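Chemist: I am sharing upload23.txt, which consists of compact mmCIF, N, CA and C atoms:
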# COMPACT_ATOMS: atom_id res chain seq x y z
N MET A 1 -14.71 -14.07 -0.28
CA MET A 1 -14.18 -13.89 1.07
C MET A 1 -14.66 -12.56 1.65
N GLY A 2 -14.64 -11.50 0.90
CA GLY A 2 -15.06 -10.20 1.41
C GLY A 2 -13.96 -9.54 2.21
N THR A 3 -14.29 -8.40 2.77
CA THR A 3 -13.33 -7.67 3.59
C THR A 3 -13.15 -8.37 4.92
N PRO A 4 -11.89 -8.61 5.34
CA PRO A 4 -11.67 -9.31 6.61
C PRO A 4 -12.10 -8.46 7.80
N GLN A 5 -12.43 -9.15 8.90
CA GLN A 5 -12.76 -8.46 10.15
C GLN A 5 -11.45 -7.93 10.74
N LEU A 6 -11.39 -6.62 10.94
CA LEU A 6 -10.16 -6.01 11.44
C LEU A 6 -10.20 -5.86 12.95
N THR A 7 -9.02 -5.96 13.57
CA THR A 7 -8.91 -5.70 15.00
C THR A 7 -9.02 -4.18 15.21
N LYS A 8 -9.12 -3.78 16.47
CA LYS A 8 -9.20 -2.34 16.79
C LYS A 8 -7.98 -1.60 16.24
N ASN A 9 -6.78 -2.13 16.50
CA ASN A 9 -5.57 -1.46 16.04
C ASN A 9 -5.49 -1.40 14.51
N GLN A 10 -5.87 -2.50 13.86
CA GLN A 10 -5.87 -2.51 12.39
C GLN A 10 -6.85 -1.48 11.84
N SER A 11 -8.02 -1.37 12.46
CA SER A 11 -9.02 -0.39 12.03
C SER A 11 -8.52 1.04 12.21
N LEU A 12 -7.85 1.29 13.32
CA LEU A 12 -7.32 2.63 13.58
C LEU A 12 -6.23 3.00 12.57
N VAL A 13 -5.33 2.06 12.29
CA VAL A 13 -4.26 2.30 11.32
C VAL A 13 -4.87 2.50 9.93
N MET A 14 -5.82 1.65 9.58
CA MET A 14 -6.49 1.76 8.28
C MET A 14 -7.18 3.11 8.15
N GLY A 15 -7.86 3.55 9.21
CA GLY A 15 -8.53 4.85 9.21
C GLY A 15 -7.56 6.00 9.03
N ALA A 16 -6.42 5.91 9.72
CA ALA A 16 -5.42 6.97 9.59
C ALA A 16 -4.92 7.08 8.16
N LEU A 17 -4.66 5.94 7.53
CA LEU A 17 -4.18 5.94 6.15
C LEU A 17 -5.27 6.39 5.17
N ALA A 18 -6.49 5.93 5.40
CA ALA A 18 -7.60 6.25 4.49
C ALA A 18 -7.92 7.75 4.51
N HIS A 19 -7.70 8.40 5.64
CA HIS A 19 -8.03 9.82 5.77
C HIS A 19 -6.81 10.73 5.60
N SER A 20 -5.69 10.14 5.25
CA SER A 20 -4.46 10.92 5.07
C SER A 20 -4.44 11.58 3.70
N ASP A 21 -3.76 12.72 3.62
CA ASP A 21 -3.61 13.42 2.35
C ASP A 21 -2.50 12.83 1.49
N GLY A 22 -1.72 11.90 2.06
CA GLY A 22 -0.61 11.31 1.32
C GLY A 22 -0.06 10.12 2.06
N PRO A 23 1.04 9.57 1.58
CA PRO A 23 1.67 8.42 2.23
C PRO A 23 2.11 8.77 3.65
N MET A 24 2.08 7.76 4.52
CA MET A 24 2.49 7.97 5.91
C MET A 24 3.50 6.91 6.32
N SER A 25 4.53 7.33 7.04
CA SER A 25 5.47 6.37 7.62
C SER A 25 4.83 5.75 8.86
N ALA A 26 5.38 4.64 9.30
CA ALA A 26 4.86 3.98 10.50
C ALA A 26 4.94 4.92 11.70
N TYR A 27 6.00 5.73 11.77
CA TYR A 27 6.16 6.64 12.92
C TYR A 27 5.16 7.79 12.86
N THR A 28 4.80 8.24 11.66
CA THR A 28 3.77 9.26 11.52
C THR A 28 2.42 8.70 11.97
N ILE A 29 2.16 7.46 11.58
CA ILE A 29 0.92 6.80 12.01
C ILE A 29 0.90 6.69 13.53
N LEU A 30 2.01 6.28 14.13
CA LEU A 30 2.12 6.17 15.59
C LEU A 30 1.80 7.51 16.25
N ASP A 31 2.39 8.59 15.74
CA ASP A 31 2.13 9.92 16.31
C ASP A 31 0.66 10.29 16.22
N LYS A 32 0.01 9.97 15.09
CA LYS A 32 -1.41 10.30 14.92
C LYS A 32 -2.31 9.48 15.84
N LEU A 33 -1.85 8.29 16.25
CA LEU A 33 -2.71 7.39 17.02
C LEU A 33 -2.34 7.30 18.50
N ARG A 34 -1.45 8.15 18.96
CA ARG A 34 -1.07 8.12 20.39
C ARG A 34 -2.27 8.34 21.30
N ASP A 35 -3.19 9.21 20.89
CA ASP A 35 -4.38 9.48 21.71
C ASP A 35 -5.33 8.28 21.75
N HIS A 36 -5.10 7.30 20.89
CA HIS A 36 -5.94 6.09 20.85
C HIS A 36 -5.25 4.92 21.53
N GLY A 37 -4.21 5.19 22.30
CA GLY A 37 -3.56 4.14 23.08
C GLY A 37 -2.33 3.52 22.43
N PHE A 38 -1.92 4.00 21.28
CA PHE A 38 -0.71 3.47 20.65
C PHE A 38 0.51 4.04 21.36
N ARG A 39 1.41 3.17 21.76
CA ARG A 39 2.59 3.60 22.50
C ARG A 39 3.89 3.18 21.82
N ALA A 40 3.86 2.10 21.04
CA ALA A 40 5.10 1.55 20.48
C ALA A 40 4.97 1.32 18.98
N PRO A 41 6.08 1.50 18.26
CA PRO A 41 6.06 1.25 16.81
C PRO A 41 5.58 -0.17 16.46
N LEU A 42 5.89 -1.14 17.32
CA LEU A 42 5.51 -2.52 17.06
C LEU A 42 3.99 -2.67 16.86
N GLN A 43 3.21 -1.88 17.61
CA GLN A 43 1.75 -1.92 17.45
C GLN A 43 1.35 -1.53 16.03
N VAL A 44 2.00 -0.50 15.50
CA VAL A 44 1.71 -0.03 14.15
C VAL A 44 2.18 -1.06 13.13
N TYR A 45 3.40 -1.56 13.31
CA TYR A 45 3.95 -2.52 12.34
C TYR A 45 3.13 -3.81 12.29
N ARG A 46 2.66 -4.28 13.43
CA ARG A 46 1.82 -5.49 13.43
C ARG A 46 0.53 -5.27 12.65
N ALA A 47 -0.10 -4.11 12.87
CA ALA A 47 -1.33 -3.78 12.15
C ALA A 47 -1.04 -3.63 10.66
N LEU A 48 0.05 -2.95 10.31
CA LEU A 48 0.41 -2.77 8.90
C LEU A 48 0.68 -4.10 8.21
N ASP A 49 1.37 -5.01 8.91
CA ASP A 49 1.66 -6.33 8.32
C ASP A 49 0.38 -7.04 7.91
N LYS A 50 -0.63 -7.01 8.79
CA LYS A 50 -1.90 -7.67 8.48
C LYS A 50 -2.64 -6.94 7.36
N LEU A 51 -2.64 -5.61 7.40
CA LEU A 51 -3.32 -4.83 6.36
C LEU A 51 -2.66 -5.04 5.00
N LEU A 52 -1.32 -5.18 4.98
CA LEU A 52 -0.62 -5.52 3.74
C LEU A 52 -1.02 -6.91 3.26
N GLU A 53 -1.07 -7.85 4.18
CA GLU A 53 -1.47 -9.23 3.86
C GLU A 53 -2.88 -9.27 3.26
N TYR A 54 -3.79 -8.46 3.80
CA TYR A 54 -5.17 -8.41 3.32
C TYR A 54 -5.30 -7.62 2.02
N GLY A 55 -4.23 -6.92 1.62
CA GLY A 55 -4.29 -6.11 0.40
C GLY A 55 -4.99 -4.78 0.58
N LEU A 56 -5.17 -4.36 1.81
CA LEU A 56 -5.87 -3.10 2.08
C LEU A 56 -4.95 -1.89 2.05
N VAL A 57 -3.65 -2.11 2.21
CA VAL A 57 -2.67 -1.03 2.12
C VAL A 57 -1.50 -1.49 1.26
N HIS A 58 -0.75 -0.51 0.78
CA HIS A 58 0.45 -0.78 -0.01
C HIS A 58 1.63 -0.07 0.62
N ARG A 59 2.80 -0.67 0.49
CA ARG A 59 4.03 -0.03 0.96
C ARG A 59 4.72 0.58 -0.24
N LEU A 60 5.04 1.85 -0.14
CA LEU A 60 5.82 2.53 -1.17
C LEU A 60 7.28 2.42 -0.75
N GLU A 61 8.00 1.53 -1.41
CA GLU A 61 9.37 1.22 -1.01
C GLU A 61 10.27 2.45 -1.06
N SER A 62 10.15 3.26 -2.11
CA SER A 62 11.06 4.40 -2.27
C SER A 62 10.85 5.47 -1.20
N LEU A 63 9.66 5.51 -0.62
CA LEU A 63 9.35 6.50 0.42
C LEU A 63 9.38 5.91 1.82
N ASN A 64 9.48 4.58 1.91
CA ASN A 64 9.36 3.88 3.19
C ASN A 64 8.09 4.34 3.90
N ALA A 65 6.98 4.33 3.14
CA ALA A 65 5.71 4.81 3.66
C ALA A 65 4.58 3.93 3.14
N PHE A 66 3.39 4.16 3.65
CA PHE A 66 2.23 3.33 3.35
C PHE A 66 1.07 4.19 2.87
N VAL A 67 0.24 3.60 2.00
CA VAL A 67 -0.98 4.25 1.51
C VAL A 67 -2.10 3.22 1.55
N ALA A 68 -3.32 3.72 1.72
CA ALA A 68 -4.49 2.84 1.64
C ALA A 68 -4.70 2.46 0.19
N CYS A 69 -5.10 1.21 -0.05
CA CYS A 69 -5.40 0.75 -1.40
C CYS A 69 -6.66 1.47 -1.89
N THR A 70 -6.65 1.88 -3.15
CA THR A 70 -7.80 2.57 -3.70
C THR A 70 -8.73 1.65 -4.49
N CYS A 71 -8.38 0.36 -4.58
CA CYS A 71 -9.24 -0.61 -5.28
C CYS A 71 -10.46 -0.91 -4.43
N PRO A 72 -11.59 -1.19 -5.09
CA PRO A 72 -12.75 -1.66 -4.30
C PRO A 72 -12.44 -3.04 -3.72
N HIS A 73 -12.88 -3.29 -2.51
CA HIS A 73 -12.57 -4.56 -1.84
C HIS A 73 -13.83 -5.35 -1.50
N GLU A 74 -14.84 -5.32 -2.40
CA GLU A 74 -16.08 -6.06 -2.12
C GLU A 74 -15.84 -7.56 -2.13
N HIS A 75 -14.91 -7.98 -2.99
CA HIS A 75 -14.61 -9.41 -3.07
C HIS A 75 -13.11 -9.60 -3.20
N GLU A 76 -12.69 -10.84 -2.95
CA GLU A 76 -11.26 -11.15 -2.97
C GLU A 76 -10.69 -10.86 -4.35
N HIS A 77 -9.52 -10.29 -4.40
CA HIS A 77 -8.88 -10.00 -5.68
C HIS A 77 -7.38 -10.09 -5.54
N ASP A 78 -6.75 -10.26 -6.68
CA ASP A 78 -5.30 -10.28 -6.73
C ASP A 78 -4.87 -8.95 -7.34
N HIS A 79 -4.00 -8.23 -6.67
CA HIS A 79 -3.57 -6.94 -7.19
C HIS A 79 -2.75 -7.08 -8.46
N GLY A 80 -2.09 -8.22 -8.65
CA GLY A 80 -1.22 -8.33 -9.82
C GLY A 80 -0.15 -7.27 -9.73
N VAL A 81 -0.02 -6.48 -10.79
CA VAL A 81 0.94 -5.38 -10.81
C VAL A 81 0.26 -4.14 -10.25
N THR A 82 0.85 -3.57 -9.23
CA THR A 82 0.34 -2.33 -8.67
C THR A 82 1.33 -1.23 -9.04
N ALA A 83 0.81 -0.15 -9.60
CA ALA A 83 1.67 0.95 -10.02
C ALA A 83 1.22 2.24 -9.36
N PHE A 84 2.20 3.11 -9.12
CA PHE A 84 1.93 4.39 -8.48
C PHE A 84 2.68 5.49 -9.20
N THR A 85 2.04 6.65 -9.33
CA THR A 85 2.77 7.85 -9.71
C THR A 85 2.95 8.63 -8.41
N ILE A 86 4.15 9.14 -8.21
CA ILE A 86 4.51 9.87 -6.99
C ILE A 86 5.05 11.23 -7.41
N CYS A 87 4.34 12.30 -7.02
CA CYS A 87 4.77 13.65 -7.37
C CYS A 87 5.88 14.10 -6.43
N GLU A 88 7.00 14.51 -7.01
CA GLU A 88 8.14 15.00 -6.23
C GLU A 88 7.85 16.39 -5.64
N GLY A 89 6.87 17.09 -6.22
CA GLY A 89 6.55 18.44 -5.75
C GLY A 89 5.63 18.44 -4.55
N CYS A 90 4.42 17.91 -4.74
CA CYS A 90 3.40 17.99 -3.68
C CYS A 90 3.23 16.68 -2.90
N GLY A 91 3.86 15.60 -3.38
CA GLY A 91 3.77 14.33 -2.67
C GLY A 91 2.53 13.51 -3.01
N GLN A 92 1.72 13.97 -3.95
CA GLN A 92 0.51 13.23 -4.33
C GLN A 92 0.89 11.87 -4.87
N VAL A 93 0.17 10.84 -4.42
CA VAL A 93 0.38 9.47 -4.88
C VAL A 93 -0.92 8.98 -5.51
N THR A 94 -0.81 8.45 -6.72
CA THR A 94 -1.98 7.90 -7.41
C THR A 94 -1.70 6.45 -7.76
N GLU A 95 -2.62 5.58 -7.37
CA GLU A 95 -2.50 4.14 -7.67
C GLU A 95 -3.22 3.85 -8.97
N PHE A 96 -2.63 3.00 -9.79
CA PHE A 96 -3.33 2.57 -11.00
C PHE A 96 -2.93 1.16 -11.38
N HIS A 97 -3.77 0.54 -12.19
CA HIS A 97 -3.54 -0.81 -12.70
C HIS A 97 -3.74 -0.78 -14.21
N ASP A 98 -2.88 -1.47 -14.94
CA ASP A 98 -2.97 -1.49 -16.39
C ASP A 98 -2.76 -2.93 -16.86
N GLU A 99 -3.80 -3.50 -17.47
CA GLU A 99 -3.73 -4.89 -17.90
C GLU A 99 -2.64 -5.14 -18.92
N ALA A 100 -2.41 -4.20 -19.84
CA ALA A 100 -1.38 -4.38 -20.87
C ALA A 100 0.01 -4.48 -20.23
N ILE A 101 0.29 -3.61 -19.27
CA ILE A 101 1.58 -3.65 -18.57
C ILE A 101 1.69 -4.96 -17.80
N GLU A 102 0.61 -5.34 -17.12
CA GLU A 102 0.62 -6.57 -16.34
C GLU A 102 0.88 -7.79 -17.23
N GLU A 103 0.21 -7.85 -18.38
CA GLU A 103 0.40 -8.98 -19.31
C GLU A 103 1.82 -9.02 -19.84
N ARG A 104 2.37 -7.87 -20.20
CA ARG A 104 3.74 -7.81 -20.74
C ARG A 104 4.76 -8.24 -19.69
N LEU A 105 4.63 -7.75 -18.48
CA LEU A 105 5.55 -8.15 -17.41
C LEU A 105 5.42 -9.63 -17.10
N SER A 106 4.19 -10.16 -17.08
CA SER A 106 3.98 -11.59 -16.83
C SER A 106 4.68 -12.43 -17.89
N SER A 107 4.58 -12.00 -19.14
CA SER A 107 5.23 -12.71 -20.23
C SER A 107 6.76 -12.70 -20.07
N LEU A 108 7.31 -11.53 -19.74
CA LEU A 108 8.76 -11.43 -19.53
C LEU A 108 9.23 -12.33 -18.39
N VAL A 109 8.45 -12.34 -17.31
CA VAL A 109 8.81 -13.15 -16.14
C VAL A 109 8.76 -14.64 -16.49
N ARG A 110 7.72 -15.04 -17.23
CA ARG A 110 7.59 -16.46 -17.62
C ARG A 110 8.79 -16.91 -18.45
N THR A 111 9.27 -16.07 -19.37
CA THR A 111 10.41 -16.46 -20.21
C THR A 111 11.68 -16.62 -19.38
N GLN A 112 11.71 -16.01 -18.20
CA GLN A 112 12.86 -16.12 -17.30
C GLN A 112 12.69 -17.25 -16.29
N ASN A 113 11.54 -17.98 -16.38
CA ASN A 113 11.23 -19.03 -15.40
C ASN A 113 11.34 -18.50 -13.98
N PHE A 114 10.72 -17.35 -13.75
CA PHE A 114 10.80 -16.67 -12.47
C PHE A 114 9.41 -16.62 -11.85
N LYS A 115 9.32 -16.94 -10.55
CA LYS A 115 8.03 -16.88 -9.85
C LYS A 115 7.95 -15.56 -9.09
N THR A 116 7.01 -14.73 -9.49
CA THR A 116 6.85 -13.40 -8.90
C THR A 116 6.04 -13.49 -7.60
N GLU A 117 6.52 -12.82 -6.56
CA GLU A 117 5.79 -12.73 -5.30
C GLU A 117 4.96 -11.45 -5.26
N LYS A 118 5.55 -10.37 -5.74
CA LYS A 118 4.89 -9.05 -5.69
C LYS A 118 5.55 -8.17 -6.75
N THR A 119 4.74 -7.40 -7.45
CA THR A 119 5.28 -6.45 -8.42
C THR A 119 4.69 -5.08 -8.14
N THR A 120 5.55 -4.13 -7.85
CA THR A 120 5.13 -2.76 -7.59
C THR A 120 5.98 -1.84 -8.45
N ILE A 121 5.32 -0.95 -9.16
CA ILE A 121 6.01 0.03 -9.99
C ILE A 121 5.78 1.41 -9.37
N GLU A 122 6.87 2.13 -9.14
CA GLU A 122 6.78 3.49 -8.61
C GLU A 122 7.37 4.44 -9.64
N ILE A 123 6.54 5.32 -10.16
CA ILE A 123 6.97 6.29 -11.16
C ILE A 123 7.01 7.66 -10.49
N ARG A 124 8.21 8.23 -10.44
CA ARG A 124 8.39 9.52 -9.76
C ARG A 124 8.53 10.62 -10.79
N GLY A 125 7.93 11.75 -10.49
CA GLY A 125 7.98 12.90 -11.39
C GLY A 125 7.16 14.02 -10.82
N HIS A 126 6.44 14.74 -11.67
CA HIS A 126 5.63 15.87 -11.22
C HIS A 126 4.22 15.77 -11.79
N CYS A 127 3.23 15.98 -10.94
CA CYS A 127 1.83 15.98 -11.38
C CYS A 127 1.56 17.23 -12.23
N LYS A 128 0.39 17.27 -12.82
CA LYS A 128 0.04 18.40 -13.70
C LYS A 128 0.13 19.74 -12.96
N SER A 129 -0.30 19.75 -11.70
CA SER A 129 -0.28 21.01 -10.93
C SER A 129 1.13 21.50 -10.64
N CYS A 130 2.06 20.56 -10.46
CA CYS A 130 3.44 20.93 -10.09
C CYS A 130 4.38 21.06 -11.28
N ALA A 131 3.98 20.52 -12.44
CA ALA A 131 4.87 20.51 -13.61
C ALA A 131 5.12 21.91 -14.15
Please express the file's structure as structure tokens.
Modeler:
Amino acid sequence: MGTPQLTKNQSLVMGALAHSDGPMSAYTILDKLRDHGFRAPLQVYRALDKLLEYGLVHRLESLNAFVACTCPHEHEHDHGVTAFTICEGCGQVTEFHDEAIEERLSSLVRTQNFKTEKTTIEIRGHCKSCA
């Protein structure tokens, strides 16, 4: 499938997230894009919904914020389990994937006869610089 063709608003939101130093709330994105014609939160949320659907961004539930996906997107892929470390000191967010964790969680879910829609792990603590 490849990377989907993005609308102007989706591209602007994606650019803001990709060039950000950390996670951004929808309102922070709106403030950054006001000079590009963004006037209402709904414009940001619509773009974010599509970017989430395409797998190009992730929502960090505990922060109510968004980050650009760091996975290569040359071809269609399933994120499976997406995990993040979130530094309480500097706010640095690092995305990672681990097949062993993914396999173990899949096994646990299967034994519960549960159909998973999305699995996100957020690990909060301190990075090496802040520890």
Chemist: As a list in words, please: every residue in segment 8-43 of chain A that a backbone DSSP assignment puts in alpha helix (DSSP H).
Modeler: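 Of segment 8-43 of chain A, only Lys8, Asn9, Gln10, Ser11, Leu12, Val13, Met14, Gly15, Ala16, Leu17, Ala18, Ala26, Tyr27, Thr28, Ile29, Leu30, Asp31, Lys32, Leu33, Pro41, Leu42 and Gln43 of chain A fall in alpha helix (DSSP H).
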Chemist: Out of A:Ile86, A:Val67, A:Ala26, A:Val81, which residue has the shortest atom-to-atom distance to Asp98 of chain A when counting only C-alpha atoms?
Modeler: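 Selected residue with least distance to Asp98 of chain A: A:Val81.
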Chemist: Select, counting only N, CA and C atoms, all protein, DNA and RNA residues no farther than 7 Å from (-7.7, -4.9, 1.8) in file coordinates, and express the selection as a list in words.
Modeler: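 Those residues lying close to the given coordinates are Thr3, Pro4, Leu51, Glu53, Tyr54, Gly55, Leu56, Val57, Cys69 and His73 of chain A.
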Chemist: Give me the residues near Gly91 of chain A as a VMD selection string, where near means some atom within 7 Å (using all atoms listed in the file) and where sequence neighbours in that chain fewer than 3 positions away do not count.
Modeler: chain A and resid 21 to 23 86 to 88
Chemist: Looking only at strand (DSSP E or B) from DSSP on the backbone, list the matching residues of chain A as a VMD selection string.
Modeler: chain A and resid 24 57 to 60 65 to 68 81 to 87 93 to 96 119 to 125
Chemist: Mind listing as JSON, numbers by chain all residues within 9 Å of (4.6, -7.5, -3.1), counting only C-alpha atoms?
Modeler: {"A": [52, 58, 59, 80, 81, 82, 116, 117, 118, 119, 120]}
Chemist: Nearest to His126 of chain A among A:Cys90, A:Cys71, A:Asp31, A:Thr111, with distances taken over only C-alpha atoms: which residue is it?
Modeler: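 Among the listed residues, A:Cys90 lies closest to His126 of chain A.
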Chemist: To one decimal place in Å, what is the distance between atom C of Leu6 of chain A and atom CA of Leu33 of chain A?
Modeler: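 These atoms are spaced 15.8 Å apart.
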Chemist: As an exercise, work out the distance from atom CA of Ser11 of chain A to atom CA of Phe84 of chain A in Å and give it to one decimal place.
Modeler: 23.7 Å
Chemist: What is the atom CA of Lys50 of chain A-atom CA of Thr85 of chain A distance in Å, reported with one decimal?
Modeler: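 Calculated distance between atom CA of Lys50 of chain A and atom CA of Thr85 of chain A is 24.4 Å.
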Chemist: For Leu17 of chain A, which residue out of A:Lys128, A:Ala100, A:Phe66, A:Val93 is the nearest one, using only C-alpha atoms?
Modeler: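 Distance minimum relative to Leu17 of chain A lands on A:Phe66.
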